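Have a look at data_14.txt; it's compact mmCIF, C-alpha atoms and all ligand atoms:
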```txt
# COMPACT_ATOMS: atom_id res chain seq x y z
CA MET A 10 0.00 0.00 0.00
CA PHE A 11 1.19 3.53 -0.72
CA PHE A 12 -0.21 7.01 -0.12
CA ILE A 13 0.04 10.14 -2.22
CA GLY A 14 -1.35 12.79 0.10
CA ASN A 15 -4.54 11.22 1.41
CA VAL A 16 -5.07 9.03 -1.66
CA ARG A 17 -4.40 5.37 -1.03
CA LEU A 18 -2.88 3.28 -3.82
CA GLU A 19 -2.92 -0.52 -3.84
CA ASN A 20 0.77 -0.59 -4.75
CA ARG A 21 3.69 1.61 -5.78
CA LEU A 22 3.43 1.06 -9.53
CA ILE A 23 2.29 3.99 -11.63
CA MET A 24 1.40 4.18 -15.31
CA ALA A 25 3.16 7.20 -16.83
CA PRO A 26 1.16 9.92 -18.56
CA MET A 27 1.62 9.43 -22.32
CA ALA A 28 0.03 11.68 -24.93
CA GLY A 29 -1.80 9.66 -27.57
CA ILE A 30 -1.59 6.49 -25.45
CA THR A 31 -2.97 6.72 -21.91
CA ASN A 32 -6.57 7.24 -22.94
CA LEU A 33 -9.41 5.65 -20.99
CA PRO A 34 -9.36 2.16 -22.63
CA PHE A 35 -5.59 1.87 -22.27
CA ARG A 36 -5.77 2.94 -18.62
CA MET A 37 -8.47 0.35 -17.96
CA MET A 38 -6.17 -2.37 -19.34
CA VAL A 39 -3.17 -1.42 -17.20
CA LYS A 40 -5.35 -0.97 -14.14
CA LYS A 41 -6.77 -4.44 -14.64
CA LEU A 42 -3.23 -5.81 -14.87
CA GLY A 43 -2.08 -4.31 -11.59
CA ALA A 44 -1.08 -0.65 -11.90
CA GLY A 45 -1.63 1.10 -8.55
CA LEU A 46 -2.23 4.47 -10.21
CA VAL A 47 -2.99 5.49 -13.77
CA THR A 48 -2.46 8.94 -15.25
CA SER A 49 -4.28 10.69 -18.09
CA GLU A 50 -2.57 12.02 -21.17
CA MET A 51 -1.31 15.58 -20.66
CA ILE A 52 -4.24 17.97 -21.03
CA SER A 53 -3.99 21.61 -22.06
CA ALA A 54 -5.05 23.91 -19.22
CA MET A 55 -6.06 26.60 -21.72
CA GLY A 56 -8.14 24.06 -23.67
CA LEU A 57 -10.01 23.14 -20.49
CA VAL A 58 -10.52 26.73 -19.45
CA LEU A 59 -11.81 27.72 -22.90
CA GLY A 60 -14.21 24.76 -22.83
CA ASP A 61 -12.77 23.12 -25.94
CA LYS A 62 -14.81 19.94 -26.43
CA LYS A 63 -11.94 17.74 -27.59
CA THR A 64 -9.83 18.81 -24.61
CA ARG A 65 -12.69 18.21 -22.17
CA ASP A 66 -13.17 14.73 -23.62
CA TYR A 67 -9.73 13.80 -22.27
CA LEU A 68 -11.27 14.03 -18.79
CA LYS A 69 -13.63 11.10 -19.39
CA SER A 70 -13.00 8.43 -16.81
CA HIS A 71 -14.49 5.27 -15.32
CA PRO A 72 -14.87 4.28 -11.65
CA PHE A 73 -12.86 1.09 -12.28
CA GLU A 74 -9.65 2.99 -13.04
CA ARG A 75 -9.70 5.11 -9.90
CA PRO A 76 -7.72 6.57 -8.28
CA LEU A 77 -6.97 8.62 -11.38
CA ALA A 78 -4.26 11.26 -11.75
CA VAL A 79 -5.02 13.92 -14.36
CA GLN A 80 -2.02 15.69 -15.81
CA ILE A 81 -2.38 19.29 -16.97
CA PHE A 82 0.10 21.51 -18.77
CA GLY A 83 0.29 25.24 -19.27
CA ALA A 84 2.26 28.35 -18.36
CA ARG A 85 -0.38 30.68 -16.94
CA PRO A 86 -0.91 30.30 -13.19
CA GLU A 87 -4.59 31.38 -13.17
CA ALA A 88 -5.46 29.10 -16.10
CA MET A 89 -3.64 26.19 -14.45
CA ALA A 90 -5.59 26.75 -11.22
CA LEU A 91 -8.90 26.88 -13.07
CA ALA A 92 -7.99 23.81 -15.12
CA ALA A 93 -7.14 21.90 -11.94
CA GLU A 94 -10.56 22.79 -10.52
CA ILE A 95 -12.29 21.61 -13.72
CA ALA A 96 -10.33 18.34 -13.65
CA VAL A 97 -11.25 17.70 -10.01
CA GLU A 98 -14.93 18.48 -10.70
CA ASN A 99 -14.73 15.84 -13.44
CA GLY A 100 -13.32 13.12 -11.22
CA ALA A 101 -9.54 13.62 -10.90
CA ASP A 102 -8.32 12.15 -7.62
CA ILE A 103 -4.85 13.66 -8.05
CA ILE A 104 -3.67 16.64 -10.12
CA ASP A 105 -0.29 16.22 -11.78
CA ILE A 106 1.55 19.11 -13.41
CA ASN A 107 3.72 18.55 -16.45
CA MET A 108 7.11 20.21 -16.08
CA GLY A 109 9.09 18.04 -18.45
CA CYS A 110 7.53 17.84 -21.90
CA PRO A 111 10.23 18.53 -24.52
CA ALA A 112 7.85 18.94 -27.51
CA LYS A 113 8.53 22.18 -29.39
CA LYS A 114 4.88 23.22 -29.58
CA VAL A 115 4.63 22.99 -25.77
CA ILE A 116 8.02 24.54 -25.01
CA LYS A 117 7.35 27.59 -27.17
CA THR A 118 4.34 28.47 -25.01
CA GLY A 119 6.57 28.42 -21.91
CA ALA A 120 4.91 25.23 -20.60
CA GLY A 121 6.15 21.66 -19.97
CA GLY A 122 9.93 21.39 -19.81
CA ALA A 123 10.37 25.15 -20.44
CA LEU A 124 9.24 25.74 -16.86
CA LEU A 125 12.47 24.17 -15.58
CA ASN A 126 14.14 27.31 -16.96
CA ASP A 127 11.81 29.63 -15.10
CA LEU A 128 11.57 28.81 -11.42
CA THR A 129 9.67 32.00 -10.63
CA LYS A 130 6.90 30.75 -12.91
CA VAL A 131 7.09 27.30 -11.29
CA ARG A 132 6.40 28.86 -7.91
CA GLN A 133 3.57 31.02 -9.24
CA ILE A 134 1.88 28.06 -10.90
CA LEU A 135 2.20 25.76 -7.91
CA THR A 136 1.04 28.42 -5.48
CA ALA A 137 -2.02 29.19 -7.62
CA VAL A 138 -2.93 25.54 -8.12
CA ARG A 139 -2.30 24.58 -4.49
CA ARG A 140 -4.59 27.37 -3.31
CA VAL A 141 -7.63 25.89 -5.10
CA CYS A 142 -6.79 22.22 -5.30
CA TYR A 143 -8.02 20.14 -2.35
CA VAL A 144 -6.90 16.82 -3.83
CA PRO A 145 -3.22 15.77 -3.78
CA LEU A 146 -0.98 17.72 -6.13
CA THR A 147 2.01 16.10 -7.84
CA VAL A 148 4.61 17.37 -10.28
CA LYS A 149 6.54 15.52 -12.98
CA ILE A 150 9.94 16.93 -13.87
CA ARG A 151 13.02 15.98 -15.84
CA SER A 152 16.61 16.39 -14.54
CA GLY A 153 16.48 20.05 -15.52
CA TRP A 154 16.47 22.08 -18.72
CA ALA A 155 20.06 21.20 -19.69
CA ALA A 156 23.29 20.06 -18.06
CA GLY A 157 24.70 22.93 -15.97
CA GLY A 158 21.28 24.49 -15.30
CA THR A 159 19.34 24.37 -12.02
CA ALA A 160 19.74 20.92 -10.52
CA ALA A 161 16.78 18.59 -10.06
CA GLU A 162 17.29 18.69 -6.27
CA GLU A 163 16.76 22.46 -6.20
CA ILE A 164 13.68 22.20 -8.36
CA GLY A 165 12.38 19.37 -6.19
CA LEU A 166 12.88 21.36 -3.00
CA MET A 167 10.92 24.25 -4.47
CA VAL A 168 8.12 21.92 -5.57
CA GLU A 169 7.97 20.50 -2.03
CA ASP A 170 8.02 23.96 -0.49
CA CYS A 171 5.03 24.94 -2.65
CA GLY A 172 2.98 22.16 -1.08
CA ALA A 173 3.17 19.35 -3.64
CA ASP A 174 2.41 15.87 -2.31
CA ALA A 175 4.83 13.90 -4.52
CA LEU A 176 7.40 14.44 -7.25
CA THR A 177 8.14 12.24 -10.26
CA VAL A 178 11.59 12.45 -11.81
CA HIS A 179 12.36 11.35 -15.37
CA PRO A 180 16.12 11.82 -15.24
CA ARG A 181 16.92 13.15 -18.69
CA PHE A 182 17.39 16.84 -19.46
CA VAL A 183 14.64 18.48 -21.50
CA THR A 184 17.16 19.24 -24.24
CA GLN A 185 17.97 15.52 -24.47
CA GLY A 186 14.50 14.51 -25.66
CA PHE A 187 14.61 10.72 -25.41
CA SER A 188 18.28 10.34 -26.35
CA GLY A 189 20.89 8.81 -24.05
CA CYS A 190 19.97 6.91 -20.90
CA ALA A 191 17.94 7.88 -17.87
CA ASP A 192 20.44 8.79 -15.11
CA TRP A 193 18.92 7.14 -12.04
CA ASP A 194 21.55 8.82 -9.79
CA VAL A 195 19.57 12.02 -10.22
CA ILE A 196 16.57 10.27 -8.61
CA LEU A 197 18.81 9.15 -5.74
CA ARG A 198 20.02 12.73 -5.16
CA VAL A 199 16.49 14.13 -5.22
CA LYS A 200 15.21 11.41 -2.90
CA ARG A 201 17.94 12.21 -0.37
CA ARG A 202 16.83 15.85 -0.14
CA LEU A 203 13.03 15.60 -0.20
CA LYS A 204 10.51 14.57 2.45
CA ILE A 205 7.58 14.01 0.08
CA PRO A 206 7.43 10.72 -1.90
CA VAL A 207 9.69 10.61 -4.94
CA ILE A 208 8.65 8.51 -7.92
CA GLY A 209 11.39 7.17 -10.16
CA ASN A 210 10.86 6.94 -13.91
CA GLY A 211 12.90 6.29 -17.02
CA ASP A 212 14.01 3.27 -19.01
CA ILE A 213 12.35 0.63 -16.82
CA VAL A 214 11.84 -2.18 -19.31
CA SER A 215 11.55 -5.27 -17.13
CA PRO A 216 10.35 -6.36 -13.67
CA GLU A 217 14.01 -6.66 -12.61
CA HIS A 218 14.59 -3.03 -13.62
CA ALA A 219 11.69 -1.96 -11.42
CA GLN A 220 13.32 -3.66 -8.43
CA HIS A 221 16.69 -2.24 -9.35
CA ILE A 222 15.54 1.38 -9.56
CA ARG A 223 14.01 1.12 -6.10
CA SER A 224 17.09 -0.41 -4.51
CA GLN A 225 19.49 1.95 -6.31
CA THR A 226 17.62 5.19 -5.60
CA GLY A 227 15.34 4.48 -2.63
CA CYS A 228 12.46 5.96 -4.63
CA ASP A 229 9.02 5.47 -3.11
CA GLY A 230 7.18 4.60 -6.30
CA VAL A 231 8.02 3.46 -9.79
CA MET A 232 6.53 4.92 -12.98
CA ILE A 233 6.51 2.96 -16.20
CA GLY A 234 5.87 4.37 -19.66
CA ARG A 235 6.98 2.86 -22.96
CA ALA A 236 7.50 -0.65 -21.61
CA ALA A 237 3.77 -0.93 -20.83
CA VAL A 238 2.72 -0.09 -24.38
CA GLY A 239 1.82 -3.46 -25.90
CA ASN A 240 2.87 -5.11 -22.63
CA PRO A 241 0.50 -3.99 -19.89
CA TRP A 242 1.31 -7.33 -18.20
CA ILE A 243 4.54 -5.71 -16.96
CA PHE A 244 2.64 -4.47 -13.88
CA LYS A 245 1.45 -7.98 -13.02
CA GLN A 246 4.96 -9.31 -13.58
CA ILE A 247 6.55 -6.72 -11.29
CA LEU A 248 4.02 -7.50 -8.55
CA ALA A 249 4.72 -11.23 -8.95
CA LEU A 250 8.45 -10.64 -8.58
CA GLU A 251 7.92 -8.40 -5.53
CA ASN A 252 5.91 -11.20 -3.92
CA GLY A 253 8.60 -13.76 -4.57
CA GLY A 254 6.79 -15.36 -7.52
CA LYS A 255 7.78 -15.92 -11.13
CA THR A 256 7.29 -13.37 -13.89
CA ALA A 257 5.19 -15.38 -16.33
CA ALA A 258 4.53 -13.98 -19.80
CA PRO A 259 0.85 -13.82 -20.79
CA LEU A 260 -0.65 -16.86 -22.49
CA LEU A 261 -1.56 -16.40 -26.15
CA SER A 262 -5.23 -16.69 -25.20
CA GLU A 263 -4.83 -13.90 -22.58
CA ARG A 264 -3.17 -11.66 -25.14
CA LYS A 265 -5.93 -12.27 -27.65
CA ASP A 266 -8.71 -11.69 -25.10
CA LEU A 267 -7.12 -8.43 -23.99
CA ILE A 268 -6.94 -7.16 -27.57
CA VAL A 269 -10.65 -7.86 -28.08
CA GLU A 270 -11.52 -6.24 -24.75
CA HIS A 271 -9.43 -3.18 -25.58
CA TYR A 272 -11.22 -2.84 -28.90
CA ALA A 273 -14.65 -3.25 -27.31
CA LEU A 274 -13.88 -0.42 -24.88
CA LEU A 275 -12.52 1.81 -27.63
CA SER A 276 -15.67 1.24 -29.72
CA GLN A 277 -17.94 2.14 -26.82
CA ILE A 278 -16.13 5.45 -26.45
CA LYS A 279 -15.24 6.35 -30.01
CA GLY A 280 -17.62 4.32 -32.16
CA GLU A 281 -16.69 1.26 -34.20
CA LEU A 282 -15.08 3.04 -37.14
CA ARG A 283 -12.74 5.34 -35.23
CA ALA A 284 -11.91 2.54 -32.81
CA ALA A 285 -10.97 0.33 -35.76
CA ARG A 286 -8.62 3.01 -37.05
CA ASP A 287 -6.98 3.51 -33.63
CA MET A 288 -6.76 -0.24 -33.12
CA ARG A 289 -4.41 -0.71 -36.08
CA GLY A 290 -1.47 0.85 -34.23
CA ILE A 291 -2.49 -0.72 -30.92
CA LEU A 292 -2.49 -4.19 -32.50
CA ILE A 293 0.98 -3.62 -33.85
CA SER A 294 2.19 -2.80 -30.33
CA TYR A 295 0.40 -5.83 -28.79
CA THR A 296 2.04 -8.18 -31.30
CA LYS A 297 5.46 -6.52 -31.53
CA GLY A 298 8.25 -9.05 -31.18
CA LEU A 299 5.95 -12.05 -31.71
CA PRO A 300 6.84 -14.39 -34.59
CA LYS A 301 5.92 -13.14 -38.07
CA SER A 302 3.88 -10.24 -36.66
CA ARG A 303 5.22 -8.09 -39.49
CA CYS A 304 3.66 -10.42 -42.05
CA PHE A 305 0.25 -9.83 -40.49
CA ARG A 306 0.54 -6.05 -40.39
CA GLY A 307 -1.10 -5.77 -43.79
CA ALA A 308 -4.22 -7.47 -42.38
CA PHE A 309 -4.10 -5.26 -39.26
CA THR A 310 -4.11 -2.09 -41.35
CA LYS A 311 -7.32 -3.21 -43.12
CA ILE A 312 -9.33 -3.45 -39.90
CA SER A 313 -12.58 -1.53 -40.33
CA GLY A 314 -14.75 -2.94 -37.54
CA LEU A 315 -15.28 -5.81 -35.13
CA ASP A 316 -15.61 -8.45 -37.89
CA THR A 317 -12.34 -7.62 -39.62
CA LEU A 318 -10.57 -7.25 -36.26
CA VAL A 319 -11.71 -10.68 -35.11
CA SER A 320 -10.79 -12.31 -38.41
CA ALA A 321 -7.32 -10.64 -38.48
CA ILE A 322 -6.48 -11.68 -34.94
CA ASP A 323 -8.06 -15.12 -35.35
CA SER A 324 -5.83 -15.91 -38.29
CA TYR A 325 -2.70 -14.52 -36.62
CA PHE A 326 -3.31 -16.24 -33.28
CA SER A 327 -4.18 -19.57 -34.96
CA PHE A 328 -0.82 -19.30 -36.70
CA LEU A 329 0.89 -18.60 -33.34
CA GLU A 330 -0.95 -21.45 -31.62
CA GLY A 331 0.18 -23.77 -34.42
CA ARG A 332 3.78 -22.70 -33.84
CA SER A 333 3.36 -23.08 -30.09
CA ASN A 334 1.85 -26.59 -30.44
CA ALA A 335 4.79 -27.50 -32.67
CA GLY A 336 7.09 -26.75 -29.74
CA ASP A 337 8.07 -23.13 -30.34
CA LEU A 338 8.08 -21.12 -27.14
CA ILE A 339 5.90 -18.10 -27.72
CA SER A 340 5.17 -15.42 -25.18
C1 LIG B 401 4.57 8.72 -26.81
C2 LIG B 401 4.92 9.37 -25.49
C3 LIG B 401 4.05 10.30 -24.94
C4 LIG B 401 4.37 10.91 -23.71
N1 LIG B 401 3.49 11.80 -23.18
C5 LIG B 401 3.76 12.36 -21.97
C6 LIG B 401 2.81 13.21 -21.34
O1 LIG B 401 1.71 13.46 -21.85
N2 LIG B 401 3.15 13.75 -20.13
C7 LIG B 401 4.34 13.47 -19.52
O2 LIG B 401 4.61 13.97 -18.42
N3 LIG B 401 5.24 12.66 -20.09
C8 LIG B 401 4.96 12.09 -21.28
N4 LIG B 401 5.85 11.20 -21.82
C9 LIG B 401 7.03 10.79 -21.03
C10 LIG B 401 6.70 9.56 -20.18
O3 LIG B 401 5.70 9.85 -19.23
C11 LIG B 401 7.95 9.05 -19.44
O4 LIG B 401 8.40 10.06 -18.58
C12 LIG B 401 9.08 8.69 -20.40
O5 LIG B 401 8.60 7.93 -21.50
C13 LIG B 401 10.18 7.90 -19.67
O6 LIG B 401 9.66 6.72 -19.12
P1 LIG B 401 9.82 5.28 -19.85
O7 LIG B 401 11.27 5.10 -20.14
O8 LIG B 401 9.27 4.30 -18.87
O9 LIG B 401 9.03 5.36 -21.12
C14 LIG B 401 5.58 10.60 -23.05
C15 LIG B 401 6.45 9.66 -23.63
C16 LIG B 401 6.14 9.06 -24.83
C17 LIG B 401 7.09 8.05 -25.41
```
Could you express the structure from this file as C-alpha cells?
Amino acid sequence: MFFIGNVRLENRLIMAPMAGITNLPFRMMVKKLGAGLVTSEMISAMGLVLGDKKTRDYLKSHPFERPLAVQIFGARPEAMALAAEIAVENGADIIDINMGCPAKKVIKTGAGGALLNDLTKVRQILTAVRRVCYVPLTVKIRSGWAAGGTAAEEIGLMVEDCGADALTVHPRFVTQGFSGCADWDVILRVKRRLKIPVIGNGDIVSPEHAQHIRSQTGCDGVMIGRAAVGNPWIFKQILALENGGKTAAPLLSERKDLIVEHYALLSQIKGELRAARDMRGILISYTKGLPKSRCFRGAFTKISGLDTLVSAIDSYFSFLEGRSNAGDLIS
C-alpha cells in the first residue's frame, strides 16, 4: 500500500502519462493488470478553461480505473488553477503538473519542460494551483532544462516547499529529448533531499529493472511508460516478482482476449469506425516481437470494424498457436 497525500494506492506502480496512449481504454487495461495508479494524457489547461470539447473529452473516466491522476500543462498560473478545478470536478483524484515535456509546440508556449528554466513561474503556478486544489498535487519533472542548469534537487525542494504531495523524476534533461539513458543517480540525489514521496521513472523495461531502480535510488514509487505499451502485463509481472513469484509472460489466449476487450472499450467510447482506425497501431504494439507479426501487419491495417478485427487476430493467433503446439516457445 502507498499514499500520495490522502489518496491510497494498492501498490507503488504507476502508469506514466503518455500523450496519444494513456486514454481511458488503455488505462483500464493497465489498471486491470495491476497498476496502482494510472495517469491521463497531458491535457492543455487553456483548452479546459476555454471549454474546448476535444480537450474536455480527455477528462472522461471510469470508476474502475480510480484513483486517477489527471495531468495538466500550461504556463499561466490562473489558467492552471482553473484547469485543476475543472479536472477535479470531473473526477480527478490527483492533479499532476507537467514540467518536463520537450515537444517544441509545448516549449514555445513556456509550458512543460520550459518551466524548468523559469523557477519564478514554477512557484507562481504551484502556489495558484495549491490554493484551489483540495486533492493531492504532484509534479513531474526531468533532470532540468540542460546540463549545468538548475539541478533537479533544487527544483524538487521548491516543488515540495510549494505544497506538492509527490514528485516524479524522469532523469533526462529536457534538451535531451529521449536520447541517451535515464540517469537514475539524479533520482537518488532528489530522494535524499526531499521529504515528500519521490517517484522514479525512465528506461524501466523489465520487472528486474523496477526492483533495481528502487534499490538503487530508494524511490518510493516506480513509474513505467513505454515498456507498458503493448505489454500492460509488466505491472502484473513486477508484482509477482515483488511477492517472490515468477514473472510469467501472458498466455496467447490472454493476449488475444485483452486485444478484443481493448477494442470493445474503444468502440464504446469512439464508435466502431474510429476505434478500428486507432486499433491498427495498438495491434501492432500488442504483437510486436511475436513471430511473423510483421507479415500480419497488412491485415491489421485493413481493420474496419469488429468483424475484420476478429478475423485478423483469429488468423494470426491460430498461426501462433500452431507454432506453439509444434514446440516453439511463444510469449
Ligand atoms: C509517446 C509518449 C508520450 C508521452 N506523453 C507524456 C505526457 O503526456 N506527459 C508526460 O509527463 N510525459 C509524457 N511522456 C514521457 C513519459 O511519461 C515518461 O516520462 C518517459 O517515457 C520515460 O519513461 P519510460 O522510459 O518508462 O518510457 C511521453 C512519452 C512518450 C514516449
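All residues, whether protein, DNA or RNA, that have an atom at most 6 Å from ligand LIG 401 (chain B) (counting all atoms listed in the file) are A:Ala25, A:Pro26, A:Met27, A:Ala28, A:Glu50, A:Met51, A:Asn107, A:Cys110, A:Lys149, A:His179, A:Asn210, A:Gly211, A:Asp212, A:Ile213, A:Ile233, A:Gly234, A:Arg235, A:Ala236.
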Could you name the residues that touch region 129-134 of chain A at 8 Å or less, counting only C-alpha atoms, but leaving out those on the same chain fewer than 3 positions away, as a list in words?
Ala84, Arg85, Pro86, Glu87, Met89, Ala90, Leu124, Leu125, Ala137, Val138, Met167, Val168 and Cys171 of chain A
What are the closest atom pairs, with distances in Å to one decimal, for all residues of region 234-321 of chain A lying within 7 Å of region 36-47 of chain A? Consider all atoms listed in the file, order rows by chain and residue number, and present the result as a Markdown table.
```
| residue | atom | partner | partner_atom | distance |
| --- | --- | --- | --- | --- |
| A:Pro241 | CA | A:Val39 | CA | 5.2 |
| A:Trp242 | CA | A:Leu42 | CA | 5.8 |
| A:Phe244 | CA | A:Gly43 | CA | 5.2 |
| A:Lys245 | CA | A:Gly43 | CA | 5.3 |
```
Tell me which protein, DNA and RNA residues are within 12 Å of Gly186 (chain A), counting all atoms listed in the file, leaving out same-chain ones fewer than 3 positions away, and put them as an MDAnalysis selection string.
chainID A and resid 109:113 116 122 151:155 179:183 189:191
Shell around region 282-294 of chain A at 9 Å using all atoms listed in the file, local window under 6 positions removed, as a PyMOL selection string:
chain A and resi 238-240+268+271-276+302-303+306+309-315+317-318+322
Include C-alpha atoms and write out the residues we just selected as a compact mmCIF listing (two decimals), keeping the file's coordinate frame.
```txt
# COMPACT_ATOMS: atom_id res chain seq x y z
CA VAL A 238 2.72 -0.09 -24.38
CA GLY A 239 1.82 -3.46 -25.90
CA ASN A 240 2.87 -5.11 -22.63
CA ILE A 268 -6.94 -7.16 -27.57
CA HIS A 271 -9.43 -3.18 -25.58
CA TYR A 272 -11.22 -2.84 -28.90
CA ALA A 273 -14.65 -3.25 -27.31
CA LEU A 274 -13.88 -0.42 -24.88
CA LEU A 275 -12.52 1.81 -27.63
CA SER A 276 -15.67 1.24 -29.72
CA SER A 302 3.88 -10.24 -36.66
CA ARG A 303 5.22 -8.09 -39.49
CA ARG A 306 0.54 -6.05 -40.39
CA PHE A 309 -4.10 -5.26 -39.26
CA THR A 310 -4.11 -2.09 -41.35
CA LYS A 311 -7.32 -3.21 -43.12
CA ILE A 312 -9.33 -3.45 -39.90
CA SER A 313 -12.58 -1.53 -40.33
CA GLY A 314 -14.75 -2.94 -37.54
CA LEU A 315 -15.28 -5.81 -35.13
CA THR A 317 -12.34 -7.62 -39.62
CA LEU A 318 -10.57 -7.25 -36.26
CA ILE A 322 -6.48 -11.68 -34.94
```
Students should find that CA of Phe12 (chain A) and CA of Leu267 (chain A) are spaced 29.3 Å
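Coordinates place CA of Leu77 (chain A) at a distance of 15.2 Å from CA of Ile30 (chain A).
Atom to atom, CA of Ile208 (chain A) and CA of Val195 (chain A) stand 11.7 Å apart.
The residue that comes closest to Arg21 (chain A), out of A:Leu33, A:Val269, A:Val231, A:Ala321 and on the basis of only C-alpha atoms, is A:Val231.
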Report the centre and edge lengths, in Å to one decimal, of an axis-aligned box enclosing every atom of region 291-300 of chain A listed in the file, padded by 3 Å on each side, as lines of an AutoDock Vina configuration file.
```
center_x = 2.9
center_y = -7.6
center_z = -31.7
size_x = 16.7
size_y = 19.7
size_z = 11.8
```
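Distance check against Thr147 (chain A) using all atoms listed in the file: of A:Asp127, A:Lys255, A:Gly14, A:Leu68, the minimum falls on A:Gly14.
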Could you list, with a cut-off of 9 Å and counting only C-alpha atoms, the residues of region 64-159 of chain A near region 52-57 of chain A, each shown with its nearest atom pair and the distance in Å rounded to one decimal, rows sorted by chain and ascending number, as a Markdown table?
```
| residue | atom | partner | partner_atom | distance |
| --- | --- | --- | --- | --- |
| A:Thr64 | CA | A:Gly56 | CA | 5.6 |
| A:Arg65 | CA | A:Leu57 | CA | 5.9 |
| A:Tyr67 | CA | A:Ile52 | CA | 7.0 |
| A:Leu68 | CA | A:Ile52 | CA | 8.4 |
| A:Val79 | CA | A:Ile52 | CA | 7.8 |
| A:Gln80 | CA | A:Ile52 | CA | 6.1 |
| A:Ile81 | CA | A:Ile52 | CA | 4.7 |
| A:Phe82 | CA | A:Ser53 | CA | 5.2 |
| A:Gly83 | CA | A:Ala54 | CA | 5.5 |
| A:Ala84 | CA | A:Ala54 | CA | 8.6 |
| A:Arg85 | CA | A:Met55 | CA | 8.5 |
| A:Ala88 | CA | A:Ala54 | CA | 6.1 |
| A:Met89 | CA | A:Ala54 | CA | 5.5 |
| A:Ala90 | CA | A:Ala54 | CA | 8.5 |
| A:Leu91 | CA | A:Ala54 | CA | 7.8 |
| A:Ala92 | CA | A:Ala54 | CA | 5.0 |
| A:Ala93 | CA | A:Ala54 | CA | 7.8 |
| A:Ile95 | CA | A:Leu57 | CA | 7.3 |
| A:Ala96 | CA | A:Leu57 | CA | 8.4 |
```
